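One file, protein02.cif, carrying mmCIF, C-alpha atoms and all ligand atoms:
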data_entry
#
loop_
_atom_site.label_atom_id
_atom_site.label_comp_id
_atom_site.auth_asym_id
_atom_site.auth_seq_id
_atom_site.Cartn_x
_atom_site.Cartn_y
_atom_site.Cartn_z
CA MET A 7 -22.56 -8.28 -27.56
CA GLY A 8 -25.02 -9.77 -25.05
CA LEU A 9 -24.15 -11.13 -21.67
CA GLY A 10 -24.13 -14.88 -21.36
CA MET A 11 -24.90 -17.01 -18.38
CA LEU A 12 -23.69 -15.59 -15.09
CA HIS A 13 -21.55 -17.74 -12.88
CA ALA A 14 -23.60 -16.81 -9.85
CA ASN A 15 -21.07 -17.43 -7.12
CA GLU A 16 -18.38 -15.52 -9.02
CA TYR A 17 -20.57 -12.50 -9.74
CA ASN A 18 -19.31 -9.65 -7.58
CA GLY A 19 -21.59 -6.92 -8.84
CA MET A 20 -19.09 -5.76 -11.44
CA VAL A 21 -18.18 -8.73 -13.55
CA SER A 22 -20.03 -11.42 -15.43
CA TYR A 23 -19.04 -13.86 -18.17
CA SER A 24 -19.96 -14.15 -21.82
CA THR A 25 -21.01 -17.55 -23.23
CA ASP A 26 -17.47 -18.06 -24.51
CA GLY A 27 -16.13 -17.56 -20.98
CA ARG A 28 -14.75 -14.05 -21.33
CA VAL A 29 -14.92 -11.60 -18.43
CA MET A 30 -17.42 -8.79 -19.06
CA GLY A 31 -17.90 -5.62 -17.10
CA ILE A 32 -15.65 -3.30 -15.18
CA ASN A 33 -11.99 -3.85 -15.94
CA GLN A 34 -10.68 -5.64 -12.89
CA GLN A 35 -7.09 -4.50 -13.24
CA SER A 36 -8.18 -0.86 -13.46
CA TYR A 37 -10.55 -1.39 -10.54
CA ALA A 38 -7.74 -2.88 -8.45
CA TYR A 39 -5.41 0.04 -9.20
CA GLY A 40 -8.11 2.57 -8.37
CA ALA A 41 -9.41 0.83 -5.27
CA SER A 42 -6.00 0.33 -3.65
CA LYS A 43 -4.23 3.45 -2.43
CA SER A 44 -0.51 3.95 -2.85
CA SER A 45 1.14 3.54 0.53
CA ILE A 46 2.93 6.88 0.08
CA ARG A 47 -0.44 8.62 -0.38
CA GLU A 48 -1.80 6.77 2.65
CA ILE A 49 1.04 8.01 4.83
CA ALA A 50 0.56 11.56 3.50
CA ALA A 51 -3.18 11.35 4.26
CA TYR A 52 -2.37 10.14 7.78
CA GLY A 53 0.08 13.05 8.11
CA ALA A 54 -2.56 15.58 7.02
CA ALA A 55 -5.08 14.18 9.54
CA ARG A 56 -2.46 14.15 12.29
CA LYS A 57 -1.46 17.78 11.54
CA ALA A 58 -5.11 18.81 11.79
CA ALA A 59 -5.35 17.00 15.14
CA ILE A 60 -2.15 18.11 16.91
CA GLY A 61 -0.84 21.05 14.88
CA ALA A 62 1.29 21.04 11.71
CA GLU A 63 4.42 22.04 13.63
CA ASN A 64 4.23 18.83 15.68
CA VAL A 65 4.21 16.39 12.75
CA TYR A 66 7.38 15.65 10.73
CA ASP A 67 5.99 14.49 7.43
CA PHE A 68 8.74 13.30 5.09
CA SER A 69 6.47 11.21 2.87
CA LEU A 70 5.76 13.11 -0.35
CA GLY A 71 7.91 14.22 -3.28
CA ASN A 72 6.13 17.54 -3.73
CA PRO A 73 8.68 20.32 -4.37
CA SER A 74 8.94 22.73 -1.44
CA VAL A 75 10.53 25.60 -3.37
CA PRO A 76 8.37 27.96 -5.45
CA ALA A 77 8.47 27.96 -9.27
CA PRO A 78 10.85 30.65 -10.63
CA ASP A 79 9.41 34.18 -11.06
CA ALA A 80 10.03 33.81 -14.80
CA VAL A 81 7.21 31.23 -14.91
CA ARG A 82 4.74 33.73 -13.48
CA ASP A 83 5.95 36.41 -15.93
CA SER A 84 5.58 34.01 -18.83
CA ILE A 85 2.03 33.11 -17.81
CA ALA A 86 1.18 36.81 -17.48
CA HIS A 87 2.54 37.39 -20.97
CA ALA A 88 0.62 34.42 -22.40
CA LEU A 89 -2.61 35.84 -20.97
CA THR A 90 -2.27 38.83 -23.33
CA LEU A 91 -2.70 36.49 -26.33
CA PRO A 92 -6.14 36.23 -27.98
CA ALA A 93 -8.09 33.58 -26.06
CA THR A 94 -8.55 31.36 -29.10
CA ALA A 95 -4.79 31.25 -29.65
CA LEU A 96 -4.07 30.79 -25.96
CA HIS A 97 -6.55 28.03 -25.25
CA GLY A 98 -6.71 26.31 -28.62
CA TYR A 99 -5.46 22.82 -29.46
CA THR A 100 -1.80 22.55 -30.28
CA PRO A 101 -0.40 19.81 -32.54
CA ALA A 102 -0.61 16.42 -30.80
CA ASN A 103 3.14 16.41 -30.14
CA GLY A 104 3.24 20.05 -29.00
CA LEU A 105 3.88 23.51 -30.42
CA PRO A 106 6.85 23.51 -32.82
CA ALA A 107 8.28 26.59 -31.03
CA ALA A 108 8.11 24.84 -27.64
CA ARG A 109 9.76 21.70 -29.00
CA LYS A 110 12.43 23.84 -30.66
CA ALA A 111 13.08 25.67 -27.40
CA VAL A 112 13.64 22.32 -25.68
CA SER A 113 15.82 20.79 -28.42
CA ASP A 114 17.94 23.97 -28.66
CA SER A 115 18.41 23.90 -24.90
CA LEU A 116 19.47 20.24 -24.92
CA ASN A 117 21.90 20.94 -27.77
CA ARG A 118 23.48 23.83 -25.87
CA ARG A 119 23.90 21.70 -22.77
CA PHE A 120 24.95 18.37 -24.21
CA GLY A 121 26.58 19.30 -27.53
CA THR A 122 23.94 17.33 -29.46
CA THR A 123 22.09 18.04 -32.70
CA TYR A 124 18.49 17.27 -31.77
CA GLY A 125 15.58 18.81 -33.63
CA PRO A 126 12.03 19.69 -32.59
CA ASP A 127 10.68 16.57 -34.30
CA ASP A 128 12.67 14.34 -31.94
CA LEU A 129 10.45 15.50 -29.08
CA TYR A 130 6.91 14.70 -28.02
CA LEU A 131 5.52 17.00 -25.30
CA THR A 132 3.57 15.28 -22.54
CA CYS A 133 1.59 15.75 -19.33
CA GLY A 134 4.65 15.11 -17.14
CA ALA A 135 7.01 12.20 -16.67
CA ALA A 136 4.21 9.75 -15.84
CA ALA A 137 2.78 10.27 -19.33
CA SER A 138 6.27 10.24 -20.89
CA ILE A 139 6.98 6.83 -19.34
CA SER A 140 3.58 5.37 -20.26
CA ILE A 141 3.95 6.57 -23.85
CA THR A 142 7.48 5.22 -24.15
CA LEU A 143 6.55 1.82 -22.73
CA ASN A 144 3.60 1.58 -25.08
CA ALA A 145 5.90 2.51 -27.97
CA VAL A 146 8.46 -0.24 -27.32
CA CYS A 147 6.56 -3.10 -25.61
CA ASN A 148 4.46 -5.92 -27.00
CA ALA A 149 2.22 -8.25 -24.96
CA GLY A 150 4.30 -10.69 -22.94
CA ASP A 151 7.49 -8.58 -22.94
CA GLU A 152 9.54 -7.92 -19.85
CA VAL A 153 10.85 -4.58 -18.60
CA ILE A 154 13.63 -4.52 -16.02
CA VAL A 155 13.55 -1.94 -13.22
CA ILE A 156 16.31 -1.29 -10.71
CA ALA A 157 14.96 -1.78 -7.19
CA PRO A 158 14.29 0.18 -5.08
CA TYR A 159 12.19 2.04 -7.66
CA PHE A 160 9.35 4.53 -8.14
CA PRO A 161 6.32 2.25 -7.52
CA GLU A 162 4.25 3.59 -10.42
CA TYR A 163 6.72 1.99 -12.86
CA ALA A 164 5.09 -1.39 -12.21
CA VAL A 165 1.64 0.03 -13.02
CA PHE A 166 2.82 1.68 -16.24
CA ILE A 167 4.67 -1.46 -17.34
CA GLN A 168 1.66 -3.70 -16.75
CA ASN A 169 -0.54 -1.25 -18.63
CA ALA A 170 1.79 -1.64 -21.61
CA GLY A 171 1.13 -5.41 -21.56
CA ALA A 172 4.57 -6.23 -20.19
CA SER A 173 5.74 -7.63 -16.88
CA CYS A 174 7.93 -5.79 -14.43
CA VAL A 175 11.17 -7.59 -13.55
CA GLU A 176 12.86 -6.19 -10.44
CA VAL A 177 16.64 -6.30 -10.17
CA MET A 178 18.10 -5.10 -6.89
CA ALA A 179 20.67 -2.33 -7.03
CA ASP A 180 24.10 -3.05 -5.55
CA ALA A 181 23.43 -3.60 -1.84
CA GLU A 182 26.33 -1.34 -0.73
CA THR A 183 26.41 1.51 -3.23
CA PHE A 184 22.89 1.40 -4.71
CA GLN A 185 24.45 1.82 -8.15
CA ILE A 186 23.10 -0.46 -10.90
CA ASP A 187 24.21 -4.06 -10.30
CA VAL A 188 25.14 -4.67 -13.93
CA PRO A 189 25.91 -8.43 -13.62
CA ALA A 190 22.49 -8.88 -11.96
CA VAL A 191 20.80 -7.00 -14.82
CA GLU A 192 22.66 -9.17 -17.32
CA ALA A 193 21.47 -12.30 -15.53
CA ALA A 194 17.86 -11.04 -15.60
CA ILE A 195 17.79 -10.27 -19.34
CA THR A 196 15.90 -12.82 -21.39
CA GLU A 197 14.77 -13.02 -25.01
CA ARG A 198 11.58 -11.23 -23.84
CA THR A 199 13.37 -8.18 -22.42
CA ALA A 200 12.17 -5.09 -24.28
CA ALA A 201 13.69 -2.40 -22.08
CA VAL A 202 15.53 -1.51 -18.92
CA MET A 203 14.39 1.55 -16.95
CA VAL A 204 16.80 3.76 -15.03
CA ASP A 205 16.12 6.83 -12.93
CA SER A 206 19.07 9.05 -12.02
CA PRO A 207 19.18 11.12 -9.82
CA ASN A 208 17.23 8.37 -8.19
CA ASN A 209 13.93 8.29 -6.40
CA PRO A 210 13.95 6.84 -3.73
CA VAL A 211 17.70 6.51 -3.02
CA GLY A 212 19.04 9.94 -4.00
CA SER A 213 21.96 8.26 -5.79
CA VAL A 214 23.30 9.36 -9.18
CA TYR A 215 24.52 6.60 -11.49
CA ALA A 216 28.21 7.08 -12.32
CA ARG A 217 29.32 7.28 -15.95
CA GLN A 218 31.27 4.00 -15.64
CA ASN A 219 28.22 2.24 -14.20
CA LEU A 220 26.08 3.39 -17.16
CA GLU A 221 28.83 2.45 -19.62
CA ASP A 222 28.96 -1.05 -18.15
CA LEU A 223 25.18 -1.31 -18.47
CA ALA A 224 25.34 -0.04 -22.07
CA SER A 225 27.87 -2.66 -23.05
CA VAL A 226 25.67 -5.44 -21.61
CA LEU A 227 22.56 -4.08 -23.36
CA GLY A 228 24.43 -3.80 -26.67
CA ARG A 229 25.73 -7.36 -26.36
CA LYS A 230 22.34 -8.78 -25.35
CA SER A 231 20.55 -6.92 -28.17
CA ARG A 232 22.93 -8.58 -30.64
CA GLU A 233 22.61 -11.99 -28.96
CA TYR A 234 18.79 -11.95 -29.07
CA GLY A 235 18.57 -10.18 -32.43
CA HIS A 236 16.26 -7.40 -31.23
CA ALA A 237 16.68 -3.99 -29.65
CA ILE A 238 16.75 -3.68 -25.88
CA TYR A 239 15.95 -0.05 -25.06
CA LEU A 240 17.16 1.97 -22.13
CA ILE A 241 14.38 4.21 -20.82
CA SER A 242 16.01 7.01 -18.87
CA ASP A 243 13.48 8.65 -16.57
CA GLU A 244 15.04 11.93 -15.47
CA PRO A 245 12.67 14.27 -13.64
CA TYR A 246 15.41 15.02 -11.07
CA ARG A 247 18.23 15.70 -13.57
CA GLU A 248 18.70 19.31 -12.46
CA ILE A 249 18.59 18.52 -8.75
CA ALA A 250 22.13 17.24 -8.20
CA TYR A 251 24.73 18.32 -5.68
CA ASP A 252 28.15 18.86 -7.29
CA VAL A 253 28.12 15.57 -9.16
CA GLU A 254 28.05 14.77 -12.88
CA VAL A 255 24.69 13.45 -14.13
CA PRO A 256 25.80 11.78 -17.38
CA TRP A 257 23.66 12.38 -20.49
CA VAL A 258 22.59 8.80 -21.14
CA PRO A 259 21.96 8.90 -24.95
CA THR A 260 25.67 9.60 -25.50
CA ILE A 261 26.47 6.41 -23.54
CA TYR A 262 23.89 4.03 -25.06
CA ASP A 263 22.45 4.77 -28.48
CA ARG A 264 19.14 2.95 -27.92
CA THR A 265 18.16 5.36 -25.11
CA ILE A 266 14.80 7.14 -24.92
CA VAL A 267 14.65 9.99 -22.40
CA CYS A 268 11.56 10.78 -20.31
CA TYR A 269 11.55 14.17 -18.63
CA SER A 270 9.27 16.57 -16.81
CA TYR A 271 9.41 20.04 -15.27
CA SER A 272 7.58 18.82 -12.15
CA LYS A 273 10.68 18.92 -9.98
CA SER A 274 13.18 21.21 -11.75
CA LEU A 275 10.72 24.11 -12.16
CA SER A 276 8.43 23.05 -9.27
CA LEU A 277 5.45 22.58 -11.61
CA PRO A 278 4.10 19.12 -10.68
CA GLY A 279 0.47 20.17 -10.85
CA GLU A 280 0.77 21.73 -14.29
CA ARG A 281 1.68 18.46 -16.04
CA ILE A 282 4.35 19.29 -18.58
CA GLY A 283 7.27 17.19 -19.82
CA TRP A 284 8.55 15.38 -22.89
CA VAL A 285 9.81 12.20 -24.54
CA LEU A 286 13.03 12.49 -26.53
CA VAL A 287 13.95 9.96 -29.23
CA PRO A 288 17.52 10.95 -30.09
CA PRO A 289 18.36 10.75 -33.80
CA THR A 290 21.35 8.59 -32.83
CA ASN A 291 18.92 5.83 -31.83
CA PRO A 292 19.14 3.28 -34.67
CA GLU A 293 15.33 2.85 -34.75
CA HIS A 294 14.67 6.60 -34.52
CA ASP A 295 12.55 6.77 -37.69
CA GLN A 296 10.21 4.05 -36.45
CA LEU A 297 10.27 5.12 -32.81
CA VAL A 298 9.13 8.70 -33.47
CA PRO A 299 5.82 7.54 -35.05
CA ALA A 300 5.51 4.77 -32.41
CA VAL A 301 5.73 7.41 -29.67
CA ALA A 302 3.15 9.56 -31.45
CA GLY A 303 0.93 6.51 -31.93
CA ALA A 304 1.24 5.49 -28.28
CA GLY A 305 0.21 9.02 -27.28
CA ARG A 306 -2.72 8.80 -29.66
CA LYS A 307 -3.80 5.36 -28.40
CA MET A 308 -3.87 6.57 -24.82
CA GLY A 309 -5.34 9.98 -25.58
CA PHE A 310 -2.13 11.65 -24.37
CA VAL A 311 -2.14 14.34 -27.03
CA CYS A 312 -1.68 18.13 -26.87
CA ALA A 313 0.01 18.70 -23.50
CA PRO A 314 -1.30 21.79 -21.62
CA ALA A 315 -0.96 24.65 -24.11
CA LEU A 316 -0.27 27.36 -21.55
CA PHE A 317 2.68 25.45 -20.14
CA GLN A 318 4.01 24.62 -23.57
CA ARG A 319 4.27 28.40 -23.97
CA VAL A 320 5.95 28.70 -20.57
CA LEU A 321 8.65 26.33 -21.83
CA ILE A 322 9.47 28.68 -24.69
CA ASP A 323 10.37 31.35 -22.12
CA CYS A 324 11.64 29.27 -19.20
CA VAL A 325 13.35 26.19 -20.57
CA ASP A 326 16.76 27.39 -19.37
CA GLU A 327 15.63 28.65 -15.96
CA PRO A 328 17.94 27.07 -13.40
CA ALA A 329 16.37 24.83 -10.77
CA ASN A 330 16.45 26.47 -7.35
CA ILE A 331 18.36 23.78 -5.48
CA GLU A 332 19.82 25.92 -2.66
CA ALA A 333 16.91 25.16 -0.33
CA TYR A 334 17.22 21.40 -0.97
CA ALA A 335 21.01 21.59 -0.50
CA LYS A 336 20.52 23.35 2.84
CA ASN A 337 17.93 20.77 3.95
CA ARG A 338 20.18 17.95 2.85
CA ARG A 339 23.05 19.28 4.92
CA ALA A 340 20.89 19.74 8.04
CA LEU A 341 19.34 16.29 7.67
CA THR A 342 22.54 14.35 6.97
CA GLU A 343 24.51 16.14 9.71
CA GLY A 344 21.72 15.71 12.25
CA LEU A 345 21.04 12.05 11.51
CA SER A 346 24.67 11.00 11.35
CA ALA A 347 25.40 12.78 14.65
CA ILE A 348 22.69 10.58 16.21
CA GLY A 349 24.13 7.44 14.61
CA TYR A 350 21.77 6.65 11.71
CA GLU A 351 23.22 5.00 8.62
CA PHE A 352 22.21 6.25 5.18
CA ILE A 353 23.31 6.56 1.56
CA GLU A 354 24.84 10.01 1.07
CA PRO A 355 22.33 11.71 -1.25
CA GLN A 356 23.89 13.01 -4.48
CA GLY A 357 20.69 14.20 -6.11
CA ALA A 358 16.87 14.50 -5.98
CA PHE A 359 15.44 15.37 -2.55
CA TYR A 360 15.33 11.98 -0.82
CA LEU A 361 17.54 10.35 1.79
CA TRP A 362 17.71 6.56 1.94
CA MET A 363 18.20 5.50 5.54
CA ARG A 364 18.65 2.07 7.08
CA ALA A 365 15.79 1.13 9.40
CA LEU A 366 16.81 0.25 12.95
CA GLU A 367 15.25 -3.19 12.62
CA PRO A 368 14.95 -5.55 9.62
CA ASP A 369 11.22 -4.88 9.19
CA ALA A 370 10.91 -1.37 7.74
CA ASN A 371 7.14 -1.36 8.32
CA ALA A 372 7.63 -2.07 12.04
CA PHE A 373 10.29 0.67 12.15
CA PHE A 374 7.86 3.03 10.44
CA GLU A 375 5.14 2.23 13.01
CA ARG A 376 7.53 3.09 15.80
CA ALA A 377 8.68 6.28 13.99
CA LYS A 378 5.02 7.24 13.71
CA SER A 379 4.67 7.20 17.47
CA TYR A 380 7.29 10.00 17.53
CA GLU A 381 5.34 11.86 14.81
CA LEU A 382 8.01 11.02 12.21
CA LEU A 383 6.66 9.98 8.79
CA PRO A 384 9.24 8.51 6.41
CA VAL A 385 8.17 5.91 3.80
CA PRO A 386 9.07 2.23 4.43
CA SER A 387 11.24 0.74 1.68
CA ASP A 388 8.79 -2.10 0.95
CA SER A 389 6.81 0.47 -1.07
CA PHE A 390 9.81 0.67 -3.41
CA GLY A 391 10.47 -3.05 -3.77
CA CYS A 392 13.07 -3.69 -1.08
CA THR A 393 13.25 -4.34 2.66
CA GLY A 394 15.01 -2.77 5.62
CA TRP A 395 15.21 0.93 4.69
CA VAL A 396 13.09 4.09 4.71
CA ARG A 397 12.91 7.07 2.36
CA VAL A 398 13.08 10.46 4.05
CA GLY A 399 11.86 13.14 1.61
CA TYR A 400 13.52 16.44 2.46
CA CYS A 401 11.42 18.62 0.15
CA VAL A 402 9.99 20.14 3.33
CA SER A 403 10.66 23.34 5.23
CA TYR A 404 14.07 23.77 6.85
CA GLU A 405 12.30 24.17 10.20
CA THR A 406 10.67 20.74 9.81
CA ILE A 407 14.10 19.18 9.50
CA VAL A 408 15.67 21.06 12.40
CA ASN A 409 12.66 20.59 14.67
CA SER A 410 12.42 16.87 13.89
CA MET A 411 15.88 16.09 15.31
CA PRO A 412 14.79 15.51 18.93
CA ALA A 413 12.17 13.03 17.63
CA TRP A 414 14.80 11.19 15.54
CA GLN A 415 16.97 11.07 18.68
CA GLN A 416 14.12 9.63 20.77
CA LEU A 417 13.40 7.05 18.08
CA TRP A 418 17.08 6.04 18.10
CA ASP A 419 17.15 5.88 21.91
CA SER A 420 14.08 3.64 21.95
CA TYR A 421 16.14 0.99 20.08
CA GLN A 422 19.13 1.19 22.46
CA ALA A 423 17.32 -0.18 25.52
N1 LIG A 501 9.48 9.35 -12.21
C1 LIG A 501 9.94 9.51 -10.96
C2 LIG A 501 11.20 8.83 -10.57
C3 LIG A 501 9.24 10.29 -10.03
O1 LIG A 501 9.70 10.43 -8.78
C4 LIG A 501 8.02 10.91 -10.44
C5 LIG A 501 7.23 11.70 -9.50
O2 LIG A 501 7.49 11.80 -8.33
C6 LIG A 501 7.60 10.70 -11.76
C7 LIG A 501 8.34 9.93 -12.61
C8 LIG A 501 6.32 11.33 -12.25
O3 LIG A 501 6.57 12.66 -12.52
P1 LIG A 501 5.44 13.64 -13.08
O4 LIG A 501 4.82 14.29 -11.89
O5 LIG A 501 6.17 14.62 -13.92
O6 LIG A 501 4.48 12.83 -13.84
#

For this file, write the structure as structure tokens.
Amino acid sequence: MGLGMLHANEYNGMVSYSTDGRVMGINQQSYAYGASKSSIREIAAYGAARKAAIGAENVYDFSLGNPSVPAPDAVRDSIAHALTLPATALHGYTPANGLPAARKAVSDSLNRRFGTTYGPDDLYLTCGAAASISITLNAVCNAGDEVIVIAPYFPEYAVFIQNAGASCVEVMADAETFQIDVPAVEAAITERTAAVMVDSPNNPVGSVYARQNLEDLASVLGRKSREYGHAIYLISDEPYREIAYDVEVPWVPTIYDRTIVCYSYSKSLSLPGERIGWVLVPPTNPEHDQLVPAVAGAGRKMGFVCAPALFQRVLIDCVDEPANIEAYAKNRRALTEGLSAIGYEFIEPQGAFYLWMRALEPDANAFFERAKSYELLPVPSDSFGCTGWVRVGYCVSYETIVNSMPAWQQLWDSYQA
């Protein structure tokens, strides 16, 4: 197809127009996503530069969600064992949805834990939760659909939703408890709603949605699906499932049958760089038989096939390895005790490794700028779709938390004058 006349003043070096008025050239949405940095990454880059300038021990960087505990020894042993396989077997393609033995290891593990009867064919192995979510959205959304997210939320959700041709509809969580505000979700559902996304234990709040809260949501979704005559899916993104502190994390498919679960081992086994996770379409989902091929087709469309073979093999050995949450629990205690002794207000974290703290002024970005001058680097809540709070990621060393307390005190004092 040839290029038509250029609209000279609109030509920006990347885009021109065909004679029928269509944009040609570099995809502008992709360009915009690539050219703009995520604010979390920007803060982390600032933190790295600052550490290089004044010494790592003098910067309290709470910005990233990179696990600070090592992967279990069993992972290393499993890799060592895999390396004894013939190279062609080790490095070869697996089926697009993953090795049957790896999928069986996962489904058996889920059945042991949740009393379910899942099979290997209900699972599609992926390159982490990001791929699981993108695949799932592309399996259930059509152009013009809407997907509801509970704000504050993981900012990449909006990118994944737009990529699936849908629009992201933000519904604020309950302002006091940060549980799902079910009446507000109900009010936001329209005939275009394809899915609602939940994330529990939650990034960025650290809350865990209570069973009753999820049951209330399920009853609204069931009622609205019937009212509009089409399925409204619940996409349960659960990379932090295993990181919970003495609180029940309900298994969502037993609460709402049209649930699809997105999971990864990035946080539970501290393997974020290895890119391994899965999508589960439970057989109890009424559209299971259509959803399984739709998930496979979405993976195919996006080229998300054959998750890393080495780490599929690691799953066979390590799927039941417990997450090492002691270090996070210790950090959580030190952080919550230290900050509440100073006077800060926060949501008591029940899971994940984030603390959601009220900024000391309404503008979280201004609060962040002032925190920065004390070498404290939380993430302002505007990055997550809400104002007035910051996320303090405590997947850092224990020393960072303890040593940061005088700086938190000075920051507090600076607001008392
Ligand atoms: N979902 C949530 C809520 C997350 O916090 C993250 C990563 O931080 C992801 C998904 C992406 O996880 P993964 O690294 O497995 O792609």

(message) Given only C-alpha atoms and all ligand atoms as the basis, pick out the residue of A:Phe166, A:Trp257, A:Tyr380, A:Phe352 nearest to ligand LIG 501 (chain A).
(response) A:Phe166

Taking a cut-off of 9 Å and counting only C-alpha atoms and all ligand atoms, can you build a table that, for each residue of chain A near ligand LIG 501 (chain A), reports the nearest atom pair and how far apart they are in Å (one decimal), sorted by chain then residue number, as a tab-separated table?
residue	atom	partner	partner_atom	distance
A:Leu70	CA	A:LIG501	O2	8.3
A:Gly71	CA	A:LIG501	O2	5.6
A:Asn72	CA	A:LIG501	O2	7.5
A:Cys133	CA	A:LIG501	O6	6.9
A:Gly134	CA	A:LIG501	O5	3.6
A:Ala135	CA	A:LIG501	O5	3.8
A:Ala136	CA	A:LIG501	O6	3.7
A:Ala137	CA	A:LIG501	O6	6.3
A:Ser138	CA	A:LIG501	O6	7.7
A:Ile139	CA	A:LIG501	C7	7.5
A:Tyr159	CA	A:LIG501	C2	7.5
A:Phe160	CA	A:LIG501	C2	5.3
A:Pro161	CA	A:LIG501	C2	8.7
A:Glu162	CA	A:LIG501	C7	7.9
A:Tyr163	CA	A:LIG501	N1	7.9
A:Val204	CA	A:LIG501	C2	8.8
A:Asp205	CA	A:LIG501	C2	5.8
A:Ser206	CA	A:LIG501	C2	8.0
A:Pro207	CA	A:LIG501	C2	8.3
A:Asn208	CA	A:LIG501	C2	6.5
A:Asn209	CA	A:LIG501	C2	5.0
A:Pro210	CA	A:LIG501	O1	7.5
A:Asp243	CA	A:LIG501	N1	6.0
A:Glu244	CA	A:LIG501	N1	6.9
A:Pro245	CA	A:LIG501	N1	6.0
A:Tyr246	CA	A:LIG501	C2	7.5
A:Cys268	CA	A:LIG501	C7	8.4
A:Tyr269	CA	A:LIG501	O5	7.2
A:Ser270	CA	A:LIG501	O5	4.7
A:Tyr271	CA	A:LIG501	O5	6.5
A:Ser272	CA	A:LIG501	O5	4.8
A:Lys273	CA	A:LIG501	O5	7.4
A:Leu277	CA	A:LIG501	O4	8.3
A:Pro278	CA	A:LIG501	O4	5.0
A:Gly279	CA	A:LIG501	O4	7.4
A:Glu280	CA	A:LIG501	O4	8.8
A:Arg281	CA	A:LIG501	O5	6.3
A:Ile282	CA	A:LIG501	O5	6.8
A:Gly283	CA	A:LIG501	O5	6.5
A:Ala358	CA	A:LIG501	O1	8.7

(request) Counting only C-alpha atoms, figure out which residue out of A:Val396, A:Ala190, A:Ala102, A:Ala172 gets nearest to A:Gly309. (result) A:Ala102

(message) Just to confirm, what's the straight-line distance from atom CA of A:Trp284 to atom CA of A:Thr132 in Å (one decimal)?
(response) 5.0 Å

Fewer than 2 positions away in the same chain doesn't count, so skip those; otherwise give me all residues within 7 Å of stretch 222-227 of chain A, counting only C-alpha atoms, as a PDB file with C-alpha atoms, keeping the file's coordinate frame.
ATOM      1  CA  VAL A 188      25.140  -4.670 -13.930  1.00  0.00           C
ATOM      2  CA  GLU A 192      22.660  -9.170 -17.320  1.00  0.00           C
ATOM      3  CA  GLN A 218      31.270   4.000 -15.640  1.00  0.00           C
ATOM      4  CA  ASN A 219      28.220   2.240 -14.200  1.00  0.00           C
ATOM      5  CA  LEU A 220      26.080   3.390 -17.160  1.00  0.00           C
ATOM      6  CA  ARG A 229      25.730  -7.360 -26.360  1.00  0.00           C
ATOM      7  CA  LYS A 230      22.340  -8.780 -25.350  1.00  0.00           C
ATOM      8  CA  SER A 231      20.550  -6.920 -28.170  1.00  0.00           C
ATOM      9  CA  ILE A 238      16.750  -3.680 -25.880  1.00  0.00           C
ATOM     10  CA  ILE A 261      26.470   6.410 -23.540  1.00  0.00           C
ATOM     11  CA  TYR A 262      23.890   4.030 -25.060  1.00  0.00           C
TER      12      TYR A 262
END

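The residue set within 8 Å of A:Leu131, counting only C-alpha atoms and dropping same-chain residues fewer than 6 places from it, reads A:Asn103, A:Gly104, A:Arg109, A:Ile282, A:Gly283, A:Trp284, A:Val285, A:Cys312, A:Ala313, A:Gln318.
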
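Considering the residues A:His87, A:Lys378, A:Lys110, A:Arg397 and counting all atoms listed in the file, A:Tyr66 has its shortest atom-to-atom contact with A:Lys378.
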
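Going from atom CA of A:Met203 to atom CA of A:Ile241 covers 4.7 Å.
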
(request) Pick out the closest residue to A:Ala304 from this set: A:Asn169, A:Thr342, A:Ser140, A:Gln34. Count all atoms listed in the file. (result) A:Ser140

(request) Rank A:Ala95, A:Ile32, A:Val65, A:Ala201 by their smallest atom-to-atom distance to A:Thr406, using only C-alpha atoms, and report the top residue only. (result) A:Val65
